[in-house]
>>> print(open('my_file08.tsv').read())   # TSV, C-alpha atoms
chain	number	residue	atom	x	y	z
T	1	MET	CA	0.00	0.00	0.00
T	2	THR	CA	2.97	2.30	0.63
T	3	ALA	CA	3.95	1.76	-2.99
T	4	PHE	CA	0.42	2.55	-4.19
T	5	PHE	CA	0.34	5.89	-2.39
T	6	ALA	CA	3.94	6.69	-3.29
T	7	LEU	CA	3.02	6.30	-6.95
T	8	LEU	CA	-0.19	8.31	-6.54
T	9	LYS	CA	1.69	11.08	-4.74
T	10	ARG	CA	4.40	11.18	-7.39
T	11	ASP	CA	1.89	11.33	-10.25
T	12	LEU	CA	-0.04	14.18	-8.62
T	13	LEU	CA	3.20	16.03	-7.90
T	14	LEU	CA	4.24	15.61	-11.52
T	15	ALA	CA	0.84	16.81	-12.72
T	16	VAL	CA	1.28	19.97	-10.65
T	17	ARG	CA	4.91	20.52	-11.68
T	18	GLN	CA	4.33	19.92	-15.38
T	19	GLY	CA	0.94	21.52	-15.55
T	20	GLY	CA	0.84	21.09	-19.32
T	21	ALA	CA	-1.68	18.26	-19.49
T	22	LEU	CA	-4.24	19.93	-17.25
T	23	GLY	CA	-3.73	23.32	-18.88
T	24	THR	CA	-4.27	21.89	-22.35
T	25	ALA	CA	-7.38	20.00	-21.29
T	26	LEU	CA	-8.95	22.96	-19.51
T	27	GLY	CA	-8.01	25.35	-22.32
T	28	PHE	CA	-9.45	23.03	-24.95
T	29	TYR	CA	-12.65	22.62	-22.95
T	30	MET	CA	-13.05	26.36	-22.59
T	31	LEU	CA	-12.36	27.06	-26.26
T	32	VAL	CA	-14.76	24.45	-27.64
T	33	VAL	CA	-17.57	25.68	-25.41
T	34	THR	CA	-16.79	29.33	-26.17
T	35	LEU	CA	-16.77	28.78	-29.92
T	36	LEU	CA	-20.12	27.05	-29.95
T	37	PRO	CA	-22.39	30.05	-29.24
T	38	LEU	CA	-20.38	32.04	-31.76
T	39	GLY	CA	-21.13	29.42	-34.39
T	40	LEU	CA	-24.78	28.87	-33.51
T	41	GLY	CA	-25.80	32.46	-32.95
T	42	ALA	CA	-27.35	34.01	-29.87
T	43	ASP	CA	-30.55	31.94	-29.66
T	44	MET	CA	-30.84	31.73	-25.86
T	45	ASN	CA	-33.47	28.99	-25.83
T	46	LEU	CA	-31.55	26.77	-28.18
T	47	LEU	CA	-28.33	27.25	-26.23
T	48	SER	CA	-29.87	26.47	-22.88
T	49	ARG	CA	-31.51	23.36	-24.34
T	50	ILE	CA	-28.30	21.91	-25.75
T	51	ALA	CA	-25.99	23.17	-22.97
T	52	PRO	CA	-25.76	19.97	-20.87
T	53	GLY	CA	-25.00	17.82	-23.89
T	54	VAL	CA	-22.41	20.24	-25.22
T	55	LEU	CA	-20.72	20.47	-21.84
T	56	TRP	CA	-20.58	16.68	-21.53
T	57	ILE	CA	-19.30	16.00	-25.04
T	58	ALA	CA	-16.68	18.76	-24.81
T	59	LEU	CA	-15.57	17.32	-21.46
T	60	LEU	CA	-15.06	13.88	-23.03
T	61	LEU	CA	-13.03	15.38	-25.88
T	62	ALA	CA	-10.94	17.47	-23.49
T	63	ALA	CA	-10.26	14.42	-21.31
T	64	LEU	CA	-9.18	12.47	-24.41
T	65	LEU	CA	-6.36	14.95	-24.98
T	66	SER	CA	-4.71	14.05	-21.70
T	67	LEU	CA	-5.27	10.28	-21.75
T	68	GLY	CA	-2.17	9.41	-23.77
T	69	ARG	CA	0.06	10.85	-21.07
T	70	ILE	CA	-1.14	8.37	-18.44
T	71	PHE	CA	1.42	5.79	-19.51
T	72	SER	CA	3.41	7.23	-22.40
T	73	SER	CA	5.66	9.52	-20.36
T	74	ASP	CA	6.54	6.64	-18.02
T	75	TYR	CA	7.13	4.35	-20.98
T	76	GLU	CA	9.42	6.80	-22.76
T	77	ASP	CA	11.78	7.39	-19.84
T	78	GLY	CA	11.92	3.74	-18.75
T	79	THR	CA	9.97	4.26	-15.54
T	80	LEU	CA	7.33	1.74	-16.57
T	81	ASP	CA	9.91	-1.08	-16.72
T	82	ILE	CA	10.99	-0.33	-13.19
T	83	LEU	CA	7.42	0.05	-11.95
T	84	ALA	CA	6.86	-3.49	-13.21
T	85	THR	CA	9.65	-4.82	-10.97
T	86	GLY	CA	7.92	-3.44	-7.89
T	87	THR	CA	5.96	-5.55	-5.45
T	88	LEU	CA	2.82	-3.73	-6.54
T	89	PRO	CA	0.85	-5.76	-9.11
T	90	MET	CA	0.47	-4.11	-12.51
T	91	GLU	CA	-3.29	-3.86	-11.94
T	92	LEU	CA	-2.74	-1.62	-8.93
T	93	VAL	CA	-0.14	0.43	-10.80
T	94	VAL	CA	-2.83	1.09	-13.40
T	95	THR	CA	-5.39	1.87	-10.69
T	96	SER	CA	-3.05	4.33	-9.04
T	97	LYS	CA	-2.19	6.08	-12.27
T	98	SER	CA	-5.83	6.26	-13.41
T	99	LEU	CA	-6.84	7.61	-10.02
T	100	ALA	CA	-4.15	10.26	-10.34
T	101	HIS	CA	-5.51	11.13	-13.79
T	102	TRP	CA	-9.01	11.48	-12.41
T	103	LEU	CA	-7.88	13.67	-9.52
T	104	SER	CA	-5.66	15.85	-11.66
T	105	THR	CA	-7.82	16.13	-14.81
T	106	GLY	CA	-11.31	14.67	-14.33
T	107	ILE	CA	-12.23	16.68	-11.25
T	108	PRO	CA	-10.89	20.04	-12.54
T	109	LEU	CA	-12.82	19.54	-15.80
T	110	ALA	CA	-16.01	18.69	-13.91
T	111	LEU	CA	-15.60	21.75	-11.71
T	112	MET	CA	-15.04	23.98	-14.70
T	113	ALA	CA	-18.32	22.90	-16.34
T	114	PRO	CA	-20.59	25.20	-14.28
T	115	ILE	CA	-18.46	28.21	-15.17
T	116	LEU	CA	-18.75	27.36	-18.85
T	117	GLY	CA	-22.46	26.72	-18.33
T	118	LEU	CA	-22.87	30.48	-17.92
T	119	LEU	CA	-21.73	30.96	-21.49
T	120	LEU	CA	-24.44	28.62	-22.73
T	121	ASN	CA	-27.31	30.02	-20.68
T	122	LEU	CA	-27.62	26.72	-18.81
T	123	ASP	CA	-30.82	26.39	-16.79
T	124	LEU	CA	-30.05	27.37	-13.17
T	125	ASP	CA	-31.70	24.26	-11.72
T	126	ALA	CA	-29.47	22.04	-13.84
T	127	TYR	CA	-26.16	23.19	-12.30
T	128	PRO	CA	-26.02	20.90	-9.26
T	129	VAL	CA	-27.18	17.84	-11.20
T	130	LEU	CA	-24.77	18.52	-14.05
T	131	VAL	CA	-21.80	18.78	-11.71
T	132	ALA	CA	-22.98	15.68	-9.84
T	133	THR	CA	-23.21	13.65	-13.07
T	134	MET	CA	-19.76	14.80	-14.09
T	135	LEU	CA	-18.15	14.00	-10.74
T	136	LEU	CA	-19.85	10.58	-10.81
T	137	GLY	CA	-19.06	9.93	-14.46
T	138	THR	CA	-15.46	11.11	-14.81
T	139	PRO	CA	-13.92	8.12	-12.96
T	140	ALA	CA	-15.25	5.97	-15.81
T	141	VAL	CA	-13.68	8.42	-18.26
T	142	SER	CA	-10.25	8.07	-16.64
T	143	PHE	CA	-10.32	4.31	-16.10
T	144	ILE	CA	-11.72	3.38	-19.52
T	145	GLY	CA	-9.29	5.83	-21.03
T	146	ALA	CA	-6.42	4.05	-19.29
T	147	VAL	CA	-7.25	0.90	-21.26
T	148	GLY	CA	-7.04	2.85	-24.50
T	149	ALA	CA	-3.80	4.49	-23.39
T	150	ALA	CA	-2.27	1.12	-22.51
T	151	LEU	CA	-3.30	-0.44	-25.82
T	152	THR	CA	-1.85	2.37	-27.92
T	153	LEU	CA	1.32	2.77	-25.85
T	154	ARG	CA	3.78	1.84	-28.54
T	155	THR	CA	1.80	3.22	-31.45
T	156	TYR	CA	3.38	6.23	-33.08
T	157	ARG	CA	1.01	9.15	-32.57
T	158	GLY	CA	-1.48	6.97	-30.79
T	159	GLY	CA	-3.70	9.91	-29.86
T	160	LEU	CA	-6.18	9.49	-32.66
T	161	LEU	CA	-6.30	5.74	-32.14
T	162	ILE	CA	-7.14	6.27	-28.47
T	163	ALA	CA	-10.11	8.40	-29.53
T	164	LEU	CA	-11.37	5.67	-31.87
T	165	LEU	CA	-10.98	2.98	-29.22
T	166	VAL	CA	-12.27	4.85	-26.25
T	167	LEU	CA	-15.03	7.20	-27.41
T	168	PRO	CA	-17.51	4.38	-28.21
T	169	LEU	CA	-16.95	3.05	-24.69
T	170	TYR	CA	-17.95	6.43	-23.27
T	171	VAL	CA	-21.44	6.12	-24.80
T	172	PRO	CA	-23.12	4.61	-21.71
T	173	THR	CA	-21.59	7.24	-19.45
T	174	LEU	CA	-22.77	10.00	-21.77
T	175	ILE	CA	-26.28	8.58	-22.13
T	176	PHE	CA	-26.88	8.20	-18.42
T	177	GLY	CA	-25.19	11.49	-17.65
T	178	MET	CA	-27.60	13.20	-20.01
T	179	ALA	CA	-30.53	11.17	-18.71
T	180	ALA	CA	-29.83	12.43	-15.21
T	181	VAL	CA	-29.71	16.07	-16.31
T	182	ASN	CA	-32.78	15.74	-18.52
T	183	GLY	CA	-34.63	13.98	-15.71
T	184	LEU	CA	-34.44	17.17	-13.75
T	185	LEU	CA	-35.70	19.08	-16.73
T	186	GLY	CA	-38.78	16.86	-16.65
T	187	VAL	CA	-38.25	13.71	-18.75
T	188	SER	CA	-37.50	10.76	-16.46
T	189	GLY	CA	-36.11	9.90	-13.02
T	190	THR	CA	-32.87	11.63	-12.11
T	191	SER	CA	-31.84	9.49	-9.19
T	192	SER	CA	-31.98	6.20	-11.07
T	193	ALA	CA	-29.84	7.64	-13.86
T	194	LEU	CA	-27.33	8.91	-11.29
T	195	LEU	CA	-27.23	5.47	-9.68
T	196	ILE	CA	-26.52	3.79	-13.00
T	197	LEU	CA	-23.84	6.37	-13.72
T	198	GLY	CA	-22.20	5.57	-10.38
T	199	ALA	CA	-22.46	1.86	-11.15
T	200	LEU	CA	-20.75	2.39	-14.51
T	201	SER	CA	-17.91	4.22	-12.82
T	202	LEU	CA	-17.51	1.57	-10.13
T	203	ALA	CA	-17.54	-1.23	-12.69
T	204	SER	CA	-14.87	0.51	-14.75
T	205	VAL	CA	-12.73	1.08	-11.65
T	206	VAL	CA	-12.81	-2.66	-11.02
T	207	LEU	CA	-12.60	-4.06	-14.55
T	208	CYS	CA	-10.50	-1.60	-16.52
T	209	PRO	CA	-7.26	-2.03	-14.51
T	210	LEU	CA	-7.34	-5.75	-15.37
T	211	ALA	CA	-7.61	-5.01	-19.08
T	212	ALA	CA	-5.08	-2.18	-19.02
T	213	ALA	CA	-2.54	-4.23	-17.04
T	214	ALA	CA	-2.82	-7.10	-19.52
T	215	ALA	CA	-2.28	-4.63	-22.36
T	216	LEU	CA	0.75	-3.11	-20.64
T	217	ARG	CA	2.36	-6.52	-20.10
T	218	LEU	CA	2.02	-7.20	-23.81
T	219	GLN	CA	3.44	-3.79	-24.72
T	220	MET	CA	6.53	-4.31	-22.57
T	221	GLN	CA	7.61	-7.52	-24.25
I	222	MET	CA	28.97	-10.75	-16.93
I	223	LEU	CA	27.33	-10.94	-20.33
I	224	ILE	CA	29.55	-10.21	-23.30
I	225	GLY	CA	28.63	-10.24	-26.94
I	226	PRO	CA	28.38	-8.13	-30.06
I	227	ASN	CA	25.39	-5.83	-30.70
I	228	GLY	CA	22.24	-7.78	-31.38
I	229	SER	CA	23.45	-11.01	-29.83
I	230	GLY	CA	20.62	-11.09	-27.31
I	231	LYS	CA	22.11	-9.61	-24.15
I	232	SER	CA	19.19	-7.28	-23.52
I	233	THR	CA	16.68	-9.94	-24.48
I	234	LEU	CA	18.21	-12.33	-21.95
I	235	LEU	CA	18.14	-9.68	-19.23
I	236	ARG	CA	14.55	-8.71	-20.02
I	237	THR	CA	13.56	-12.36	-19.92
I	238	LEU	CA	15.22	-12.75	-16.54
I	239	ALA	CA	13.35	-9.69	-15.32
I	240	GLY	CA	10.08	-11.23	-16.46
I	241	TYR	CA	9.12	-8.71	-19.16
I	242	ILE	CA	9.41	-11.35	-21.87
I	243	ARG	CA	7.90	-14.75	-21.36
I	244	PRO	CA	10.43	-17.43	-22.33
I	245	ALA	CA	9.35	-19.66	-25.22
I	246	GLU	CA	10.42	-22.63	-23.17
I	247	GLY	CA	11.35	-23.21	-19.56
I	248	HIS	CA	11.10	-21.08	-16.46
I	249	VAL	CA	13.04	-18.40	-14.71
I	250	ARG	CA	13.36	-19.37	-11.10
I	251	TRP	CA	15.39	-18.09	-8.26
I	252	CYS	CA	16.33	-20.15	-5.25
I	253	ARG	CA	17.31	-18.88	-1.86
I	254	GLN	CA	19.58	-21.31	-0.12
I	255	THR	CA	19.35	-21.04	3.63
I	256	ALA	CA	21.47	-23.49	5.63
I	257	GLY	CA	20.99	-26.48	3.40
I	258	GLU	CA	17.27	-26.19	2.73
I	259	LYS	CA	16.18	-24.83	-0.61
I	260	GLU	CA	13.17	-22.72	-1.33
I	261	ILE	CA	12.19	-22.47	-4.95
I	262	SER	CA	10.12	-19.54	-6.05
I	263	GLU	CA	8.11	-19.21	-9.22
I	264	SER	CA	9.34	-17.11	-12.09
I	265	SER	CA	6.75	-14.43	-11.47
I	266	GLU	CA	8.48	-13.51	-8.26
I	267	VAL	CA	11.85	-12.84	-9.86
I	268	SER	CA	10.53	-9.45	-10.88
I	269	GLU	CA	9.82	-8.71	-7.24
I	270	VAL	CA	13.36	-9.36	-6.04
I	271	CYS	CA	15.37	-7.81	-8.85
I	272	HIS	CA	16.58	-4.39	-9.83
I	273	PHE	CA	16.47	-3.81	-13.55
I	274	VAL	CA	18.64	-1.05	-14.98
I	275	GLY	CA	17.99	-0.70	-18.69
I	276	HIS	CA	19.04	1.75	-21.37
I	277	LEU	CA	16.65	4.31	-19.92
I	278	ASP	CA	17.15	5.63	-16.43
I	279	GLY	CA	13.54	6.01	-15.31
I	280	ILE	CA	14.13	9.54	-14.09
I	281	LYS	CA	11.45	12.19	-13.97
I	282	THR	CA	12.91	15.46	-15.21
I	283	HIS	CA	10.48	17.57	-13.19
I	284	LEU	CA	11.44	16.02	-9.86
I	285	THR	CA	14.69	16.76	-8.07
I	286	ALA	CA	17.35	14.08	-7.81
I	287	PHE	CA	16.38	13.55	-4.17
I	288	GLU	CA	12.67	13.23	-4.95
I	289	ASN	CA	13.38	10.74	-7.71
I	290	LEU	CA	15.29	8.49	-5.32
I	291	GLN	CA	12.79	9.04	-2.54
I	292	PHE	CA	10.00	7.82	-4.79
I	293	TRP	CA	11.91	4.68	-5.79
I	294	SER	CA	12.84	4.01	-2.20
I	295	GLU	CA	9.17	4.20	-1.17
I	296	TYR	CA	7.94	2.31	-4.20
I	297	LEU	CA	10.48	-0.50	-4.33
I	298	GLY	CA	11.64	-0.62	-0.74
I	299	ALA	CA	8.41	-1.69	0.93
I	300	GLY	CA	9.89	-0.61	4.25
I	301	ASP	CA	12.91	-2.90	4.13
I	302	GLY	CA	15.11	-0.11	5.40
I	303	GLY	CA	17.42	0.42	2.45
I	304	ALA	CA	20.41	2.67	2.46
I	305	ASP	CA	19.84	6.30	3.26
I	306	ILE	CA	18.90	8.40	0.24
I	307	GLU	CA	21.60	10.96	1.07
I	308	ALA	CA	24.15	8.17	1.44
I	309	ALA	CA	23.18	6.74	-1.95
I	310	LEU	CA	23.50	10.16	-3.58
I	311	GLU	CA	26.86	10.69	-1.90
I	312	ARG	CA	28.11	7.32	-3.04
I	313	PHE	CA	27.59	8.35	-6.67
I	314	SER	CA	28.81	11.89	-5.87
I	315	LEU	CA	25.44	13.45	-6.57
I	316	ASP	CA	24.93	14.97	-3.11
I	317	ALA	CA	25.60	18.49	-4.37
I	318	LEU	CA	22.89	18.07	-7.00
I	319	ALA	CA	20.19	16.66	-4.71
I	320	THR	CA	17.86	19.65	-4.92
I	321	ILE	CA	18.28	20.31	-8.63
I	322	PRO	CA	15.50	19.14	-10.97
I	323	ALA	CA	16.78	16.02	-12.71
I	324	GLY	CA	16.10	17.58	-16.10
I	325	TYR	CA	19.20	19.76	-15.66
I	326	LEU	CA	21.53	16.82	-15.04
I	327	SER	CA	23.95	15.63	-17.71
I	328	ALA	CA	23.63	12.20	-19.28
I	329	GLY	CA	26.29	10.72	-17.01
I	330	GLN	CA	24.75	12.29	-13.92
I	331	LYS	CA	21.33	10.93	-14.86
I	332	ARG	CA	22.92	7.53	-15.29
I	333	ARG	CA	24.45	7.75	-11.83
I	334	LEU	CA	21.09	8.79	-10.39
I	335	GLY	CA	19.51	5.77	-12.07
I	336	LEU	CA	22.18	3.53	-10.57
I	337	ALA	CA	21.78	5.07	-7.11
I	338	ARG	CA	18.37	3.40	-7.13
I	339	LEU	CA	20.19	0.10	-6.60
I	340	LEU	CA	21.24	1.28	-3.16
I	341	VAL	CA	18.01	2.73	-1.76
I	342	ALA	CA	16.00	-0.49	-2.00
I	343	PRO	CA	17.86	-3.68	-1.06
I	344	ARG	CA	17.20	-6.48	-3.53
I	345	PRO	CA	19.21	-9.67	-4.04
I	346	ILE	CA	19.31	-9.74	-7.84
I	347	TRP	CA	20.62	-6.91	-9.99
I	348	LEU	CA	20.07	-7.03	-13.75
I	349	LEU	CA	22.19	-4.34	-15.37
I	350	ASP	CA	21.94	-3.67	-19.08
I	351	GLU	CA	25.05	-1.76	-20.13
I	352	PRO	CA	25.27	0.14	-16.86
I	353	THR	CA	28.49	1.92	-17.83
I	354	VAL	CA	27.03	3.82	-20.79
I	355	SER	CA	27.89	7.54	-20.52
I	356	LEU	CA	29.79	7.01	-17.24
I	357	ASP	CA	33.32	8.38	-16.88
I	358	ALA	CA	36.20	6.22	-15.64
I	359	ALA	CA	35.85	7.33	-12.01
I	360	SER	CA	32.12	6.59	-11.94
I	361	THR	CA	32.70	3.22	-13.56
I	362	ASP	CA	35.05	2.39	-10.69
I	363	VAL	CA	32.44	3.51	-8.17
I	364	LEU	CA	29.89	1.25	-9.87
I	365	ALA	CA	32.33	-1.67	-9.82
I	366	GLY	CA	32.86	-1.05	-6.09
I	367	VAL	CA	29.11	-1.01	-5.47
I	368	ILE	CA	28.66	-4.25	-7.42
I	369	ASN	CA	31.53	-5.91	-5.51
I	370	GLU	CA	29.94	-4.98	-2.19
I	371	HIS	CA	26.63	-6.36	-3.42
I	372	LEU	CA	28.29	-9.65	-4.39
I	373	LYS	CA	30.08	-9.88	-1.05
I	374	GLY	CA	26.74	-9.47	0.68
I	375	GLY	CA	25.46	-12.57	-1.09
I	376	GLY	CA	23.76	-10.82	-3.99
I	377	ILE	CA	23.69	-11.74	-7.65
I	378	THR	CA	24.49	-9.36	-10.47
I	379	VAL	CA	23.97	-10.07	-14.13
I	380	ALA	CA	25.48	-7.29	-16.21
I	381	ALA	CA	25.77	-6.84	-19.95
I	382	THR	CA	28.69	-4.61	-20.80
I	383	HIS	CA	31.34	-3.78	-23.38
I	384	ILE	CA	33.75	-2.29	-20.88
I	385	PRO	CA	35.91	-4.47	-18.64
I	386	MET	CA	35.11	-3.83	-14.98
I	387	HIS	CA	37.04	-4.94	-11.92
I	388	ILE	CA	34.53	-7.31	-10.42
I	389	GLU	CA	35.24	-10.44	-8.37
I	390	PRO	CA	34.15	-13.24	-8.50
I	391	LEU	CA	33.42	-13.14	-12.19
I	392	ALA	CA	31.70	-15.55	-14.52
I	393	THR	CA	31.44	-14.63	-18.17
I	394	LEU	CA	28.79	-15.70	-20.62
I	395	ARG	CA	29.66	-14.97	-24.23
I	396	LEU	CA	26.68	-14.56	-26.52
I	397	GLY	CA	26.68	-14.65	-30.29
I	398	VAL	CA	29.92	-16.58	-30.56
I	399	VAL	CA	29.84	-19.25	-33.25
I	400	ALA	CA	32.25	-21.72	-31.71
I	401	PRO	CA	32.02	-25.18	-30.17
I	402	GLU	CA	32.65	-23.84	-26.67
I	403	ALA	CA	29.90	-21.20	-26.93
I	404	THR	CA	27.69	-21.53	-23.89
I	405	ALA	CA	24.81	-19.59	-25.39
>>> encode(input="my_file08.tsv", output="structure tokens")
Amino acid sequence: MTAFFALLKRDLLLAVRQGGALGTALGFYMLVVTLLPLGLGADMNLLSRIAPGVLWIALLLAALLSLGRIFSSDYEDGTLDILATGTLPMELVVTSKSLAHWLSTGIPLALMAPILGLLLNLDLDAYPVLVATMLLGTPAVSFIGAVGAALTLRTYRGGLLIALLVLPLYVPTLIFGMAAVNGLLGVSGTSSALLILGALSLASVVLCPLAAAAALRLQMQ
Amino acid sequence: MLIGPNGSGKSTLLRTLAGYIRPAEGHVRWCRQTAGEKEISESSEVSEVCHFVGHLDGIKTHLTAFENLQFWSEYLGAGDGGADIEAALERFSLDALATIPAGYLSAGQKRRLGLARLLVAPRPIWLLDEPTVSLDAASTDVLAGVINEHLKGGGITVAATHIPMHIEPLATLRLGVVAPEATA
């Protein structure tokens, strides 16, 4: 367990020191959401209707940008080889690194969403639910993304490949995230959608490290 | 000591020993002999008792030399009480550079920092893949001294190298030699 937290601490420290990954993700998120009203025109009703969906999709795309770094920087400087000789199983290495990704990228993105919601005339009642769905849903984004990152580790310019592999797997998270927000706006039950969203995240926390660790072992051969 | 021309399989052998590559046939096992009785461990555990030093040093450029070692000591050590981090840095004459981000170190200094990892977490098996690359003569001697101490303490070192080092006792495996006496 010492090793698990040592790795988590180091990854968070690196995220703070480097800053690049988070800055790019947040900047991308902000730009996409800012450009949208400029492209669609100032129809307030339209904007407020599509706001939750836009915020969610832009969040997924912004998170994609930072996924490749989960393993690639450690692979390039040889750290991954040494991590594999530790007493910590590869599955827990993946868990620790994905958790660090969620804490350093997923949560900041989720917390930025309400600020960007202002730009899109998001319905006031939707703010708490939107942030709740994002906080519940982003663990799945990080952990599923880790599988994609592990699979494309040795691929030259694997970024685009990650998007192709991972985006379809985000569909359930997106659907139930939207269902929860729309439930509040009067379509169906919010709480059940939130529960399913939480279940998706929990399932990915358990299952994805197994898949990602298997992929990493193959990549290191 | 592994000796052989480029491409003769030195790195492949070391990576197989470390468990990154699954051997096509056979097992990698390590035995600890304690007063006559033998314990045999499975190959999967070799990776948990070895240090692997490859071509890359595994150093984070945004962390200081001290923080790099501290992380490895916490990650690999599992509370076994390895050598002091300061002592390890001093051994490879990096103590003056402890608080400098590792990105500013030269290639040889990075190499030494990577090798200092051997000291902060005690492990019986050291797998060194060309550990002397970019080291100067003095540092190579320091490394040889460290390896000798490790061997005296009952450890095993398997090193692939092109440079003769003063290490005792020494067994040499020549790879890629097409001759009747070739042991590979």
>>> closest_atom_pairs(input="my_file08.tsv", of="chain T", to="chain I", cutoff="9 Å", atoms="only C-alpha atoms", output="CSV")
residue,atom,partner,partner_atom,distance
T:Met1,CA,I:Ala299,CA,8.6
T:Thr2,CA,I:Glu295,CA,6.7
T:Ala3,CA,I:Tyr296,CA,4.2
T:Phe4,CA,I:Tyr296,CA,7.5
T:Phe5,CA,I:Tyr296,CA,8.6
T:Ala6,CA,I:Tyr296,CA,6.0
T:Leu7,CA,I:Tyr296,CA,6.9
T:Lys9,CA,I:Phe292,CA,8.9
T:Arg10,CA,I:Phe292,CA,7.0
T:Leu13,CA,I:Leu284,CA,8.5
T:Leu14,CA,I:His283,CA,6.8
T:Arg17,CA,I:His283,CA,6.5
T:Gln18,CA,I:His283,CA,6.9
T:Asp74,CA,I:Gly279,CA,7.5
T:Tyr75,CA,I:Gly279,CA,8.7
T:Glu76,CA,I:Leu277,CA,8.2
T:Asp77,CA,I:Gly279,CA,5.1
T:Gly78,CA,I:Gly279,CA,4.4
T:Thr79,CA,I:Gly279,CA,4.0
T:Leu80,CA,I:Gly279,CA,7.6
T:Asp81,CA,I:Phe273,CA,7.8
T:Ile82,CA,I:Phe273,CA,6.5
T:Leu83,CA,I:Tyr296,CA,8.1
T:Ala84,CA,I:Ser268,CA,7.4
T:Thr85,CA,I:Ser268,CA,4.7
T:Gly86,CA,I:Leu297,CA,5.3
T:Thr87,CA,I:Glu269,CA,5.3
T:Leu88,CA,I:Tyr296,CA,8.3
T:Arg217,CA,I:Tyr241,CA,7.2
T:Leu218,CA,I:Tyr241,CA,8.6
T:Met220,CA,I:Tyr241,CA,6.1
T:Gln221,CA,I:Ile242,CA,4.9
>>> axis_aligned_box(input="my_file08.tsv", around="stretch 331-337 of chain I", padding_each_side="6 Å", output="AutoDock Vina command-line options")
--center_x 22.0 --center_y 7.2 --center_z -11.2 --size_x 16.9 --size_y 19.4 --size_z 20.2
>>> residues_around(input="my_file08.tsv", residues="I:Leu334", least_positions_apart="2", cutoff="8 Å", atoms="all atoms listed in the file", output="MDAnalysis selection string")
chainID I and resid 278 280 286 290 310 313 315 330:332 336:338
>>> atom_distance(input="my_file08.tsv", atom1="atom CA of T:Arg49", atom2="atom CA of T:Pro128")
16.2 Å
>>> closest_residue(input="my_file08.tsv", among="I:Ile346, I:Leu318, I:Leu238, I:Leu394", to="I:Gly374", atoms="only C-alpha atoms")
I:Ile346
>>> closest_residue(input="my_file08.tsv", among="T:Tyr127, T:Trp102, T:Phe28, T:Tyr156", to="T:Ser72", atoms="only C-alpha atoms")
T:Tyr156
>>> residues_around(input="my_file08.tsv", residues="T:Leu194", least_positions_apart="6", cutoff="12 Å", atoms="all atoms listed in the file", output="list of chain:residue names")
T:Val129, T:Leu130, T:Val131, T:Ala132, T:Thr133, T:Met134, T:Leu135, T:Leu136, T:Gly137, T:Thr173, T:Leu174, T:Ile175, T:Phe176, T:Gly177, T:Met178, T:Ala179, T:Ala180, T:Val181, T:Asn182, T:Gly183, T:Leu184, T:Ser188, T:Leu200, T:Ser201
>>> atom_distance(input="my_file08.tsv", atom1="atom CA of T:Arg154", atom2="atom CA of T:Ala212")
13.6 Å
>>> atom_distance(input="my_file08.tsv", atom1="atom CA of I:Gly324", atom2="atom CA of T:Ser98")
24.8 Å
>>> closest_residue(input="my_file08.tsv", among="I:Leu340, I:Ala319, I:Met386, I:Ala245", to="I:Ala358", atoms="only C-alpha atoms")
I:Met386
>>> residues_around(input="my_file08.tsv", residues="T:Arg69", least_positions_apart="4", cutoff="10 Å", atoms="only C-alpha atoms", output="list in words")
Ala21, Leu64, Leu65, Ser73, Asp74, Tyr75, His101, Ala146, Ala149, Leu153 and Gly159 of chain T
>>> write_last_selection(input="my_file08.tsv", atoms="C-alpha atoms", output="PDB file, in the coordinates of the input")
ATOM      1  CA  ALA T  21      -1.680  18.260 -19.490  1.00  0.00           C
ATOM      2  CA  LEU T  64      -9.180  12.470 -24.410  1.00  0.00           C
ATOM      3  CA  LEU T  65      -6.360  14.950 -24.980  1.00  0.00           C
ATOM      4  CA  SER T  73       5.660   9.520 -20.360  1.00  0.00           C
ATOM      5  CA  ASP T  74       6.540   6.640 -18.020  1.00  0.00           C
ATOM      6  CA  TYR T  75       7.130   4.350 -20.980  1.00  0.00           C
ATOM      7  CA  HIS T 101      -5.510  11.130 -13.790  1.00  0.00           C
ATOM      8  CA  ALA T 146      -6.420   4.050 -19.290  1.00  0.00           C
ATOM      9  CA  ALA T 149      -3.800   4.490 -23.390  1.00  0.00           C
ATOM     10  CA  LEU T 153       1.320   2.770 -25.850  1.00  0.00           C
ATOM     11  CA  GLY T 159      -3.700   9.910 -29.860  1.00  0.00           C
TER      12      GLY T 159
END
>>> residues_around(input="my_file08.tsv", residues="T:Leu92", least_positions_apart="6", cutoff="9 Å", atoms="all atoms listed in the file", output="compact mmCIF listing (two decimals) with C-alpha atoms, in the coordinates of the input")
# COMPACT_ATOMS: atom_id res chain seq x y z
CA PHE T 4 0.42 2.55 -4.19
CA PRO T 209 -7.26 -2.03 -14.51
CA LEU T 210 -7.34 -5.75 -15.37
CA ALA T 213 -2.54 -4.23 -17.04
>>> closest_residue(input="my_file08.tsv", among="T:Leu38, T:Met90, T:Leu67, T:Leu120", to="T:Ile50", atoms="only C-alpha atoms")
T:Leu120
>>> closest_residue(input="my_file08.tsv", among="I:Glu246, I:Glu311, I:Asp350, I:Glu389", to="I:Ala365", atoms="all atoms listed in the file")
I:Glu389
